[in-house]
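Student: My structure is stored as query20.txt, with compact mmCIF, C-alpha atoms.
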# COMPACT_ATOMS: atom_id res chain seq x y z
CA MET F 1419 0.00 0.00 0.00
CA SER F 1420 1.31 3.43 -0.94
CA ASP F 1421 1.75 6.32 1.36
CA HIS F 1422 -1.15 8.01 -0.26
CA ASP F 1423 -3.41 5.10 0.46
CA GLU F 1424 -2.30 4.91 4.13
CA LYS F 1425 -2.97 8.56 4.62
CA ARG F 1426 -6.35 8.20 2.99
CA ALA F 1427 -7.23 5.36 5.33
CA GLU F 1428 -6.22 7.32 8.39
CA GLU F 1429 -8.39 10.23 7.37
CA LEU F 1430 -11.32 7.91 6.83
CA GLY F 1431 -10.77 6.38 10.33
CA ASP F 1432 -10.62 9.80 11.92
CA THR F 1433 -13.76 10.84 10.12
CA ARG F 1434 -15.55 7.76 11.36
CA ALA F 1435 -14.39 8.38 14.92
CA ASP F 1436 -15.55 11.96 14.77
CA ARG F 1437 -18.91 10.83 13.52
CA ARG F 1438 -19.21 8.36 16.37
CA ASP F 1439 -18.29 11.02 18.89
CA ASP F 1440 -20.78 13.40 17.38
CA SER F 1441 -23.47 10.79 17.48
CA ASN F 1442 -22.68 9.98 21.10
CA GLU F 1443 -22.75 13.66 22.08
CA SER F 1444 -26.02 14.23 20.21
CA GLY F 1445 -27.50 11.18 21.87
CA ASN F 1446 -26.43 12.35 25.30
CA ARG F 1447 -27.75 15.84 24.58
CA LEU F 1448 -31.03 14.42 23.38
CA ARG F 1449 -31.25 12.20 26.49
CA LYS F 1450 -30.76 15.21 28.76
CA GLU F 1451 -33.42 17.23 26.99
CA LEU F 1452 -36.03 14.49 27.04
CA PRO F 1453 -38.01 13.88 30.24
CA GLU F 1454 -37.03 11.08 32.62
CA GLU F 1455 -39.87 8.83 31.44
CA VAL F 1456 -38.58 8.98 27.90
CA THR F 1457 -34.93 8.61 28.78
CA SER F 1458 -35.69 5.49 30.75
CA VAL F 1459 -37.19 3.98 27.56
CA VAL F 1460 -34.53 5.15 25.13
CA PRO F 1461 -31.52 2.88 25.45
CA ALA F 1462 -28.18 4.47 25.90
CA ALA F 1463 -25.80 4.42 23.03
CA ARG F 1464 -23.53 1.45 23.09
CA ALA F 1465 -19.99 2.31 24.06
CA THR F 1466 -17.12 1.40 21.80
CA PRO F 1467 -14.44 -1.06 22.93
CA GLU F 1468 -12.00 1.76 23.44
CA GLN F 1469 -14.46 3.62 25.70
CA GLU F 1470 -15.18 0.46 27.66
CA GLN F 1471 -11.45 -0.08 28.10
CA GLU F 1472 -11.01 3.51 29.22
CA GLN F 1473 -13.91 3.16 31.68
CA GLU F 1474 -12.45 -0.04 33.10
CA GLN F 1475 -9.06 1.66 33.55
CA ALA F 1476 -10.73 4.62 35.30
CA GLN F 1477 -12.64 2.31 37.63
CA ALA F 1478 -9.44 0.40 38.37
CA GLN F 1479 -7.65 3.66 39.21
CA GLU F 1480 -10.55 4.75 41.44
CA GLN F 1481 -10.46 1.41 43.27
CA GLU F 1482 -6.70 1.77 43.74
CA GLN F 1483 -7.14 5.32 45.07
CA GLU F 1484 -9.92 4.37 47.48
CA PRO F 1485 -8.45 3.78 51.01
CA GLU F 1486 -8.85 0.39 52.47
CA PRO F 1487 -11.61 0.24 55.05
CA VAL F 1488 -10.37 0.49 58.59
CA ARG F 1489 -10.98 -2.72 60.40
CA GLU F 1490 -12.45 -2.24 63.78
CA PRO F 1491 -10.59 -4.11 66.52
CA GLU F 1492 -12.34 -7.22 67.50
CA PRO F 1493 -13.67 -7.05 71.08
CA GLU F 1494 -11.52 -8.91 73.51
CA THR F 1495 -13.18 -11.98 74.81
CA VAL F 1496 -13.26 -11.91 78.64
CA ALA F 1497 -12.53 -15.25 80.10
CA PRO F 1498 -15.12 -16.34 82.66
CA GLU F 1499 -13.97 -16.02 86.27
CA PRO F 1500 -13.15 -19.35 87.85
CA GLN F 1501 -15.60 -20.47 90.47
CA MET F 1502 -14.23 -20.29 94.05
CA THR F 1503 -14.51 -23.13 96.50
CA GLY F 1504 -16.09 -22.73 99.92
CA ARG F 1505 -12.73 -22.63 101.67
CA GLN F 1506 -11.43 -19.93 99.32
CA ARG F 1507 -14.52 -17.80 99.93
CA LEU F 1508 -14.06 -18.25 103.69
CA VAL F 1509 -10.40 -17.17 103.49
CA GLU F 1510 -11.31 -14.18 101.33
CA GLY F 1511 -13.98 -13.13 103.82
CA LEU F 1512 -11.64 -13.41 106.81
CA TRP F 1513 -8.51 -11.88 105.31
CA PRO F 1514 -7.67 -9.05 105.34
CA PRO F 1515 -9.51 -8.61 108.62
CA ARG F 1516 -11.99 -5.75 108.92
CA VAL F 1517 -12.24 -4.93 112.62
CA SER F 1518 -14.80 -2.50 113.95
CA ARG F 1519 -14.64 -0.64 117.26
CA ALA F 1520 -17.24 -2.90 118.88
CA GLN F 1521 -15.36 -6.02 117.82
CA LEU F 1522 -12.14 -4.57 119.22
CA ILE F 1523 -13.78 -3.89 122.60
CA VAL F 1524 -15.21 -7.42 122.71
CA ALA F 1525 -11.80 -8.86 121.85
CA VAL F 1526 -10.14 -6.90 124.68
CA LEU F 1527 -12.78 -8.07 127.17
CA LEU F 1528 -12.40 -11.69 126.08
CA PHE F 1529 -8.62 -11.39 126.38
CA GLY F 1530 -8.93 -10.05 129.94
CA LEU F 1531 -11.36 -12.82 130.87
CA GLY F 1532 -9.09 -15.47 129.41
CA PHE F 1533 -6.07 -14.05 131.20
CA GLY F 1534 -7.92 -14.09 134.54
CA LEU F 1535 -9.01 -17.68 134.03
CA ALA F 1536 -5.46 -18.68 133.11
CA VAL F 1537 -4.10 -17.07 136.29
CA GLN F 1538 -6.75 -18.78 138.41
CA VAL F 1539 -6.06 -22.16 136.84
CA ALA F 1540 -2.32 -21.66 137.38
CA SER F 1541 -2.82 -20.78 141.07
CA ASN F 1542 -5.11 -23.77 141.55
CA SER F 1543 -2.59 -26.03 139.88
CA ASP F 1544 0.14 -24.70 142.20
CA SER F 1545 -1.95 -25.46 145.29
CA ASP F 1546 -2.87 -28.84 143.87
CA SER F 1547 0.79 -29.63 143.21
CA ALA F 1548 1.64 -28.65 146.81
CA LEU F 1549 -1.03 -30.99 148.16
CA ARG F 1550 -0.05 -33.67 145.66
CA GLY F 1551 3.43 -33.82 147.17
CA ALA F 1552 2.17 -33.93 150.76
CA ARG F 1553 2.35 -37.03 152.88
CA GLN F 1554 -0.70 -39.07 153.78
CA GLU F 1555 -0.65 -38.01 157.42
CA ASP F 1556 -0.45 -34.35 156.34
CA LEU F 1557 -3.49 -34.77 154.13
CA VAL F 1558 -5.38 -36.44 156.97
CA ARG F 1559 -4.46 -33.52 159.26
CA ILE F 1560 -5.73 -31.00 156.71
CA LEU F 1561 -9.02 -32.85 156.34
CA ASP F 1562 -9.40 -32.98 160.11
CA GLU F 1563 -8.78 -29.26 160.32
CA LEU F 1564 -11.45 -28.54 157.72
CA ASP F 1565 -13.89 -30.76 159.57
CA ASP F 1566 -13.13 -28.95 162.83
CA ARG F 1567 -13.74 -25.57 161.22
CA SER F 1568 -17.05 -26.73 159.83
CA GLN F 1569 -18.03 -28.09 163.23
CA ARG F 1570 -17.02 -24.85 164.94
CA LEU F 1571 -19.21 -22.81 162.59
CA GLU F 1572 -22.08 -25.21 163.16
CA ASP F 1573 -21.70 -24.87 166.93
CA GLU F 1574 -21.72 -21.10 166.63
CA LYS F 1575 -24.87 -21.26 164.54
CA GLN F 1576 -26.60 -23.49 167.09
CA GLY F 1577 -25.58 -21.15 169.92
CA LEU F 1578 -27.11 -18.16 168.16
CA GLU F 1579 -30.30 -20.09 167.45
CA LYS F 1580 -30.46 -21.11 171.13
CA GLN F 1581 -30.19 -17.48 172.24
CA ARG F 1582 -32.95 -16.52 169.85
CA ASP F 1583 -35.23 -19.27 171.16
CA GLU F 1584 -34.54 -18.28 174.76
CA LEU F 1585 -35.43 -14.68 174.03
CA GLU F 1586 -38.65 -15.69 172.29
CA ASN F 1587 -39.80 -18.26 174.86
CA SER F 1588 -38.66 -16.65 178.12
CA SER F 1589 -41.42 -15.35 180.40
CA ASP F 1590 -39.23 -12.41 181.37
CA GLN F 1591 -37.65 -11.43 178.08
CA ALA F 1592 -36.06 -8.31 179.56
CA GLU F 1593 -34.14 -10.33 182.16
CA GLU F 1594 -33.05 -12.88 179.58
CA ALA F 1595 -31.89 -10.11 177.29
CA ARG F 1596 -29.89 -8.58 180.15
CA LYS F 1597 -28.11 -11.89 180.82
CA GLN F 1598 -27.23 -12.36 177.18
CA THR F 1599 -25.99 -8.80 177.00
CA ILE F 1600 -23.65 -9.35 179.94
CA GLU F 1601 -22.32 -12.54 178.36
CA LYS F 1602 -21.82 -10.79 175.06
CA GLU F 1603 -20.00 -7.97 176.79
CA ARG F 1604 -17.63 -10.44 178.42
CA GLN F 1605 -16.93 -12.10 175.06
CA LEU F 1606 -16.31 -8.78 173.37
CA GLY F 1607 -14.02 -7.74 176.24
CA ILE F 1608 -11.90 -10.84 175.67
CA LEU F 1609 -11.69 -10.12 171.96
CA ALA F 1610 -10.86 -6.46 172.61
CA GLY F 1611 -8.17 -7.41 175.14
CA THR F 1612 -9.71 -5.46 178.03
CA VAL F 1613 -10.56 -8.60 180.04
CA ALA F 1614 -8.25 -11.43 181.07
CA ALA F 1615 -9.11 -14.91 179.84
CA GLU F 1616 -8.24 -18.48 180.62
CA GLY F 1617 -9.04 -21.85 179.10
CA PRO F 1618 -7.62 -24.75 177.11
CA GLY F 1619 -5.15 -23.99 174.39
CA ILE F 1620 -1.54 -24.22 173.28
CA THR F 1621 1.78 -22.52 173.91
CA VAL F 1622 4.03 -21.90 170.89
CA THR F 1623 7.70 -21.09 171.47
CA ILE F 1624 9.91 -19.89 168.60
CA GLU F 1625 13.67 -19.91 169.17
CA ASP F 1626 15.54 -17.62 166.79
CA THR F 1627 19.28 -17.79 167.40
CA ARG F 1628 20.24 -16.42 163.96
CA GLY F 1629 17.84 -13.46 163.95
CA THR F 1630 16.15 -14.58 160.73
CA VAL F 1631 12.56 -14.46 161.98
CA GLU F 1632 10.73 -11.44 160.61
CA ALA F 1633 7.49 -9.69 161.47
CA ASN F 1634 5.58 -11.14 158.50
CA MET F 1635 6.34 -14.69 159.71
CA LEU F 1636 4.86 -13.99 163.13
CA LEU F 1637 1.87 -12.33 161.46
CA ASP F 1638 1.27 -15.48 159.41
CA ALA F 1639 1.25 -17.49 162.63
CA ILE F 1640 -1.35 -15.16 164.20
CA GLN F 1641 -3.57 -15.37 161.13
CA GLU F 1642 -3.40 -19.17 161.04
CA LEU F 1643 -4.33 -19.33 164.74
CA ARG F 1644 -7.26 -16.98 164.27
CA ALA F 1645 -8.49 -19.03 161.32
CA ALA F 1646 -8.29 -22.16 163.46
CA GLY F 1647 -10.57 -20.63 166.12
CA ALA F 1648 -8.23 -18.89 168.56
CA GLU F 1649 -10.27 -16.72 170.96
CA ALA F 1650 -7.40 -14.95 172.79
CA ILE F 1651 -3.73 -14.55 171.81
CA GLN F 1652 -0.79 -13.08 173.70
CA VAL F 1653 2.74 -12.69 172.25
CA ASN F 1654 5.30 -12.33 175.05
CA ASP F 1655 3.73 -9.49 177.08
CA VAL F 1656 1.54 -7.94 174.37
CA ARG F 1657 -2.16 -8.75 173.88
CA VAL F 1658 -3.12 -9.38 170.27
CA VAL F 1659 -6.42 -7.81 169.18
CA ALA F 1660 -8.19 -7.11 165.91
CA GLY F 1661 -6.15 -3.96 165.21
CA THR F 1662 -2.73 -5.41 166.09
CA TYR F 1663 0.10 -4.71 163.66
CA LEU F 1664 3.67 -6.10 163.56
CA THR F 1665 6.83 -4.41 162.23
CA ASP F 1666 10.52 -5.25 162.08
CA SER F 1667 12.58 -3.41 164.70
CA GLY F 1668 16.31 -3.95 164.45
CA LYS F 1669 17.06 -7.55 165.35
CA GLY F 1670 13.62 -7.98 166.91
CA VAL F 1671 9.98 -7.42 166.15
CA ALA F 1672 7.59 -4.72 167.37
CA VAL F 1673 3.96 -5.58 168.20
CA ASP F 1674 1.76 -2.49 168.21
CA GLY F 1675 4.92 -0.45 168.72
CA ASN F 1676 6.15 -2.61 171.66
CA LYS F 1677 9.48 -4.24 170.85
CA ILE F 1678 9.81 -7.93 171.72
CA ASN F 1679 12.84 -10.19 171.35
CA ALA F 1680 13.37 -13.92 170.84
CA PRO F 1681 12.33 -16.36 172.01
CA PHE F 1682 8.81 -15.49 170.85
CA ARG F 1683 6.18 -17.13 173.05
CA PHE F 1684 2.53 -17.34 171.94
CA LYS F 1685 -0.21 -18.08 174.49
CA VAL F 1686 -3.34 -19.09 172.63
CA ILE F 1687 -6.76 -20.06 174.01
CA GLY F 1688 -8.86 -22.37 171.85
CA LYS F 1689 -9.33 -26.02 170.97
CA PRO F 1690 -5.85 -27.55 170.99
CA GLN F 1691 -6.87 -30.20 168.44
CA ASP F 1692 -7.68 -27.40 165.99
CA LEU F 1693 -4.84 -24.99 166.74
CA GLU F 1694 -1.86 -27.33 166.51
CA PRO F 1695 -2.69 -28.86 163.07
CA ALA F 1696 -3.23 -25.36 161.65
CA LEU F 1697 0.44 -24.55 162.29
CA ASN F 1698 1.77 -27.90 161.04
CA ILE F 1699 0.06 -28.02 157.63
CA PRO F 1700 2.43 -28.61 154.66
CA GLY F 1701 4.04 -25.34 153.66
CA GLY F 1702 2.60 -23.67 156.75
CA VAL F 1703 4.06 -21.67 159.60
CA VAL F 1704 6.24 -24.37 161.17
CA GLN F 1705 7.88 -25.42 157.89
CA THR F 1706 8.51 -21.79 156.94
CA LEU F 1707 10.19 -21.02 160.26
CA GLU F 1708 12.26 -24.21 160.14
CA LYS F 1709 13.56 -23.19 156.71
CA GLU F 1710 14.89 -20.04 158.40
CA GLN F 1711 16.79 -22.20 160.92
CA ALA F 1712 14.31 -21.38 163.72
CA THR F 1713 13.07 -23.93 166.22
CA VAL F 1714 9.33 -24.23 166.90
CA THR F 1715 7.88 -26.00 169.95
CA ILE F 1716 4.12 -26.54 170.48
CA GLU F 1717 2.66 -27.66 173.80
CA ARG F 1718 -0.98 -28.41 174.54
CA SER F 1719 -2.52 -27.46 177.86
CA THR F 1720 -5.91 -27.61 179.52
CA LYS F 1721 -5.39 -24.19 181.09
CA ILE F 1722 -3.79 -21.23 179.38
CA VAL F 1723 -3.92 -17.82 181.09
CA VAL F 1724 -3.91 -14.72 178.90
CA ASP F 1725 -3.54 -11.82 181.31
CA ALA F 1726 -1.97 -9.07 179.18
CA LEU F 1727 -4.61 -6.33 178.99
CA ARG F 1728 -5.40 -3.39 176.81
CA ALA F 1729 -6.72 -0.15 178.18
CA ALA F 1730 -10.32 0.44 177.22
CA LYS F 1731 -10.69 3.52 175.07
CA ARG F 1732 -13.56 5.78 175.93
CA PRO F 1733 -15.22 7.14 172.79
CA ASP F 1734 -15.23 10.89 172.33
CA TYR F 1735 -18.73 11.23 170.91
CA ALA F 1736 -20.61 7.91 171.07
CA ARG F 1737 -22.52 6.87 174.20
CA SER F 1738 -25.00 4.13 175.03
CA SER F 1739 -28.56 4.93 174.09
CA SER F 1740 -29.93 2.95 177.07
CA ARG F 1741 -28.71 5.50 179.60
Show the structure stored in the file as structure tokens.
Tutor:
Amino acid sequence: MSDHDEKRAEELGDTRADRRDDSNESGNRLRKELPEEVTSVVPAARATPEQEQEQEQAQAQEQEQEPEPVREPEPETVAPEPQMTGRQRLVEGLWPPRVSRAQLIVAVLLFGLGFGLAVQVASNSDSDSALRGARQEDLVRILDELDDRSQRLEDEKQGLEKQRDELENSSDQAEEARKQTIEKERQLGILAGTVAAEGPGITVTIEDTRGTVEANMLLDAIQELRAAGAEAIQVNDVRVVAGTYLTDSGKGVAVDGNKINAPFRFKVIGKPQDLEPALNIPGGVVQTLEKEQATVTIERSTKIVVDALRAAKRPDYARSSSR
């Protein structure tokens, strides 16, 4: 084919393309001018392969330019909490402890109560251990002493009941009351130390060559004798009464301010069978004094005279209402 022919063919192709473009533009113009009902019926002009290729390339470029959709993060799946056992729930409820003021007060009170009970149990165990190590004859002596104390209290009770019956049944109640008053006055005089007394009892002599006997040891002896039923006590030349006090004075002991020296001699009126065992109980007065290298001698007698007297004090303001 000659150059002239090729040029001719190109012109013809361009002319055809221009005609197609013109037809497409006229069709599009006509479609815009017509109403929507008509345009929906009139089919659109068919695109050429080149236009379809260009449209596909444009769509491909638009798809490439469009950003990828942002993926929302998937919600985290929460694992179900493991079920707790009963022991774990108990531990979690108790720890950490949550203490209120009322609970704290109750805890302090319970602690004080427990401490008191522990001390009492410990003291009882100590006394029990002391009795557990005692000899059989010592235990028998202690039981006899307890029986004697019970009998003495029973006798006192019966005596008081007898006085009451005599006052109620006497034909001359005034005379009977006067007799009982005189007897009571005599008894109170003996206890107060203003009246001399005599009767069965014991004599206790304490030899102290080393000077180790102290006032508290003699006071323990007086208390044991009183608990055993002593009605009158005299230490050397001093009458012992309810208000008597003992103090250490140099190498000796002072009773109510009156100094006395060894040997210490106790004159005691009471039932000898009650007084002597009270001093000889295990861990009692005799054993304590013997540990201090003192010598204790106890003698029973059917007649003990307590003649040390105390001056009767006249009250400053009180007087008998019968006068």
Student: Out of F:Gly1607, F:Gly1629, F:Pro1700, F:Gly1647, which residue has the shortest atom-to-atom distance to Gln1569 (chain F) when counting only C-alpha atoms?
Tutor: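 Of all the options, F:Gly1647 lies closest to Gln1569 (chain F).
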Student: Give the centre and edge lengths of an axis-aligned box, in Å to one decimal, that holds all listed atoms of region 1579-1598 of chain F with 5 Å on each side, as AutoDock Vina command-line options.
Tutor:
--center_x -34.3 --center_y -14.7 --center_z 174.8 --size_x 24.2 --size_y 22.8 --size_z 24.7
Student: How many Å lie between CA of Leu1664 (chain F) and CA of Ala1680 (chain F), rounded to one decimal?
Tutor: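 Result for CA of Leu1664 (chain F) versus CA of Ala1680 (chain F): 14.4 Å, one decimal.
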Student: Using only C-alpha atoms, which protein or nucleic acid residues come within 9 Å of Gly1702 (chain F)? Drop anything in the same chain fewer than 4 positions from it, and give the result as a CSV table (one decimal) with C-alpha atoms, in the frame of the given file.
Tutor:
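Below is the file that was written, selection.csv:
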chain,number,residue,atom,x,y,z
F,1638,ASP,CA,1.3,-15.5,159.4
F,1639,ALA,CA,1.2,-17.5,162.6
F,1642,GLU,CA,-3.4,-19.2,161.0
F,1696,ALA,CA,-3.2,-25.4,161.6
F,1697,LEU,CA,0.4,-24.6,162.3
F,1698,ASN,CA,1.8,-27.9,161.0
F,1706,THR,CA,8.5,-21.8,156.9
F,1707,LEU,CA,10.2,-21.0,160.3
Student: Between F:Val1539, F:Leu1585, F:Ala1730, F:Val1558, single out the one closest to Leu1609 (chain F), counting only C-alpha atoms.
Tutor: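 Under the stated criterion, the closest residue is F:Ala1730.
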Student: Kindly indicate which residue among F:Gln1473, F:Gln1705, F:Asn1587, F:Thr1612 lies nearest to Met1635 (chain F), using only C-alpha atoms for the distances.
Tutor: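 Among the listed residues, the smallest separation from Met1635 (chain F) belongs to F:Gln1705.
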Student: Could you give me region 1680-1691 of chain F completed to all heavy atoms, formatted as a PDB file, in the coordinates of the input?
Tutor:
ATOM      1  N   ALA F1680      13.438 -12.449 170.758  1.00  0.00           N
ATOM      2  CA  ALA F1680      13.370 -13.920 170.840  1.00  0.00           C
ATOM      3  C   ALA F1680      13.848 -14.374 172.215  1.00  0.00           C
ATOM      4  O   ALA F1680      14.681 -13.709 172.852  1.00  0.00           O
ATOM      5  CB  ALA F1680      14.212 -14.518 169.733  1.00  0.00           C
ATOM      6  N   PRO F1681      13.317 -15.489 172.690  1.00  0.00           N
ATOM      7  CA  PRO F1681      12.330 -16.360 172.010  1.00  0.00           C
ATOM      8  C   PRO F1681      10.928 -15.742 172.040  1.00  0.00           C
ATOM      9  O   PRO F1681      10.542 -15.104 173.021  1.00  0.00           O
ATOM     10  CB  PRO F1681      12.398 -17.635 172.821  1.00  0.00           C
ATOM     11  CG  PRO F1681      12.834 -17.210 174.187  1.00  0.00           C
ATOM     12  CD  PRO F1681      13.751 -16.045 173.998  1.00  0.00           C
ATOM     13  N   PHE F1682      10.177 -15.994 170.964  1.00  0.00           N
ATOM     14  CA  PHE F1682       8.810 -15.490 170.850  1.00  0.00           C
ATOM     15  C   PHE F1682       7.861 -16.558 171.387  1.00  0.00           C
ATOM     16  O   PHE F1682       7.855 -17.687 170.904  1.00  0.00           O
ATOM     17  CB  PHE F1682       8.488 -15.145 169.398  1.00  0.00           C
ATOM     18  CG  PHE F1682       9.483 -14.197 168.767  1.00  0.00           C
ATOM     19  CD1 PHE F1682      10.416 -14.654 167.844  1.00  0.00           C
ATOM     20  CD2 PHE F1682       9.492 -12.856 169.108  1.00  0.00           C
ATOM     21  CE1 PHE F1682      11.321 -13.788 167.266  1.00  0.00           C
ATOM     22  CE2 PHE F1682      10.394 -11.976 168.535  1.00  0.00           C
ATOM     23  CZ  PHE F1682      11.323 -12.441 167.614  1.00  0.00           C
ATOM     24  N   ARG F1683       7.066 -16.167 172.397  1.00  0.00           N
ATOM     25  CA  ARG F1683       6.180 -17.130 173.050  1.00  0.00           C
ATOM     26  C   ARG F1683       4.729 -16.701 172.841  1.00  0.00           C
ATOM     27  O   ARG F1683       4.316 -15.600 173.215  1.00  0.00           O
ATOM     28  CB  ARG F1683       6.499 -17.242 174.545  1.00  0.00           C
ATOM     29  CG  ARG F1683       5.671 -18.288 175.263  1.00  0.00           C
ATOM     30  CD  ARG F1683       6.153 -18.525 176.685  1.00  0.00           C
ATOM     31  NE  ARG F1683       7.422 -19.237 176.709  1.00  0.00           N
ATOM     32  CZ  ARG F1683       8.593 -18.660 176.935  1.00  0.00           C
ATOM     33  NH1 ARG F1683       8.668 -17.339 177.168  1.00  0.00           N
ATOM     34  NH2 ARG F1683       9.712 -19.362 176.936  1.00  0.00           N
ATOM     35  N   PHE F1684       3.948 -17.580 172.213  1.00  0.00           N
ATOM     36  CA  PHE F1684       2.530 -17.340 171.940  1.00  0.00           C
ATOM     37  C   PHE F1684       1.702 -18.128 172.957  1.00  0.00           C
ATOM     38  O   PHE F1684       1.876 -19.351 173.101  1.00  0.00           O
ATOM     39  CB  PHE F1684       2.153 -17.815 170.532  1.00  0.00           C
ATOM     40  CG  PHE F1684       2.686 -16.954 169.417  1.00  0.00           C
ATOM     41  CD1 PHE F1684       4.031 -16.974 169.077  1.00  0.00           C
ATOM     42  CD2 PHE F1684       1.835 -16.130 168.696  1.00  0.00           C
ATOM     43  CE1 PHE F1684       4.514 -16.207 168.057  1.00  0.00           C
ATOM     44  CE2 PHE F1684       2.320 -15.349 167.659  1.00  0.00           C
ATOM     45  CZ  PHE F1684       3.661 -15.376 167.339  1.00  0.00           C
ATOM     46  N   LYS F1685       0.793 -17.427 173.660  1.00  0.00           N
ATOM     47  CA  LYS F1685      -0.210 -18.080 174.490  1.00  0.00           C
ATOM     48  C   LYS F1685      -1.552 -17.952 173.775  1.00  0.00           C
ATOM     49  O   LYS F1685      -2.037 -16.838 173.535  1.00  0.00           O
ATOM     50  CB  LYS F1685      -0.291 -17.418 175.865  1.00  0.00           C
ATOM     51  CG  LYS F1685       0.955 -17.587 176.708  1.00  0.00           C
ATOM     52  CD  LYS F1685       0.770 -16.942 178.076  1.00  0.00           C
ATOM     53  CE  LYS F1685       2.001 -17.091 178.943  1.00  0.00           C
ATOM     54  NZ  LYS F1685       1.808 -16.457 180.289  1.00  0.00           N
ATOM     55  N   VAL F1686      -2.140 -19.084 173.465  1.00  0.00           N
ATOM     56  CA  VAL F1686      -3.340 -19.090 172.630  1.00  0.00           C
ATOM     57  C   VAL F1686      -4.416 -19.923 173.321  1.00  0.00           C
ATOM     58  O   VAL F1686      -4.165 -21.059 173.738  1.00  0.00           O
ATOM     59  CB  VAL F1686      -3.028 -19.690 171.233  1.00  0.00           C
ATOM     60  CG1 VAL F1686      -4.238 -19.550 170.326  1.00  0.00           C
ATOM     61  CG2 VAL F1686      -1.806 -19.036 170.623  1.00  0.00           C
ATOM     62  N   ILE F1687      -5.613 -19.346 173.433  1.00  0.00           N
ATOM     63  CA  ILE F1687      -6.760 -20.060 174.010  1.00  0.00           C
ATOM     64  C   ILE F1687      -7.677 -20.498 172.875  1.00  0.00           C
ATOM     65  O   ILE F1687      -8.071 -19.688 172.024  1.00  0.00           O
ATOM     66  CB  ILE F1687      -7.525 -19.165 175.006  1.00  0.00           C
ATOM     67  CG1 ILE F1687      -6.620 -18.817 176.191  1.00  0.00           C
ATOM     68  CG2 ILE F1687      -8.790 -19.844 175.485  1.00  0.00           C
ATOM     69  CD1 ILE F1687      -7.276 -17.885 177.198  1.00  0.00           C
ATOM     70  N   GLY F1688      -8.003 -21.769 172.867  1.00  0.00           N
ATOM     71  CA  GLY F1688      -8.860 -22.370 171.850  1.00  0.00           C
ATOM     72  C   GLY F1688      -8.802 -23.872 171.951  1.00  0.00           C
ATOM     73  O   GLY F1688      -8.252 -24.428 172.908  1.00  0.00           O
ATOM     74  N   LYS F1689      -9.375 -24.558 170.973  1.00  0.00           N
ATOM     75  CA  LYS F1689      -9.330 -26.020 170.970  1.00  0.00           C
ATOM     76  C   LYS F1689      -7.966 -26.471 170.496  1.00  0.00           C
ATOM     77  O   LYS F1689      -7.571 -26.209 169.353  1.00  0.00           O
ATOM     78  CB  LYS F1689     -10.425 -26.573 170.061  1.00  0.00           C
ATOM     79  CG  LYS F1689     -11.844 -26.289 170.568  1.00  0.00           C
ATOM     80  CD  LYS F1689     -12.898 -26.782 169.584  1.00  0.00           C
ATOM     81  CE  LYS F1689     -12.852 -28.292 169.480  1.00  0.00           C
ATOM     82  NZ  LYS F1689     -13.959 -28.800 168.644  1.00  0.00           N
ATOM     83  N   PRO F1690      -7.202 -27.142 171.394  1.00  0.00           N
ATOM     84  CA  PRO F1690      -5.850 -27.550 170.990  1.00  0.00           C
ATOM     85  C   PRO F1690      -5.830 -28.435 169.752  1.00  0.00           C
ATOM     86  O   PRO F1690      -4.911 -28.338 168.925  1.00  0.00           O
ATOM     87  CB  PRO F1690      -5.327 -28.298 172.221  1.00  0.00           C
ATOM     88  CG  PRO F1690      -6.148 -27.787 173.359  1.00  0.00           C
ATOM     89  CD  PRO F1690      -7.493 -27.517 172.787  1.00  0.00           C
ATOM     90  N   GLN F1691      -6.838 -29.301 169.593  1.00  0.00           N
ATOM     91  CA  GLN F1691      -6.870 -30.200 168.440  1.00  0.00           C
ATOM     92  C   GLN F1691      -7.108 -29.472 167.122  1.00  0.00           C
ATOM     93  O   GLN F1691      -6.888 -30.044 166.056  1.00  0.00           O
ATOM     94  CB  GLN F1691      -7.924 -31.295 168.632  1.00  0.00           C
ATOM     95  CG  GLN F1691      -9.330 -30.802 168.841  1.00  0.00           C
ATOM     96  CD  GLN F1691      -9.653 -30.579 170.310  1.00  0.00           C
ATOM     97  OE1 GLN F1691      -8.759 -30.278 171.121  1.00  0.00           O
ATOM     98  NE2 GLN F1691     -10.920 -30.739 170.657  1.00  0.00           N
TER      99      GLN F1691
END
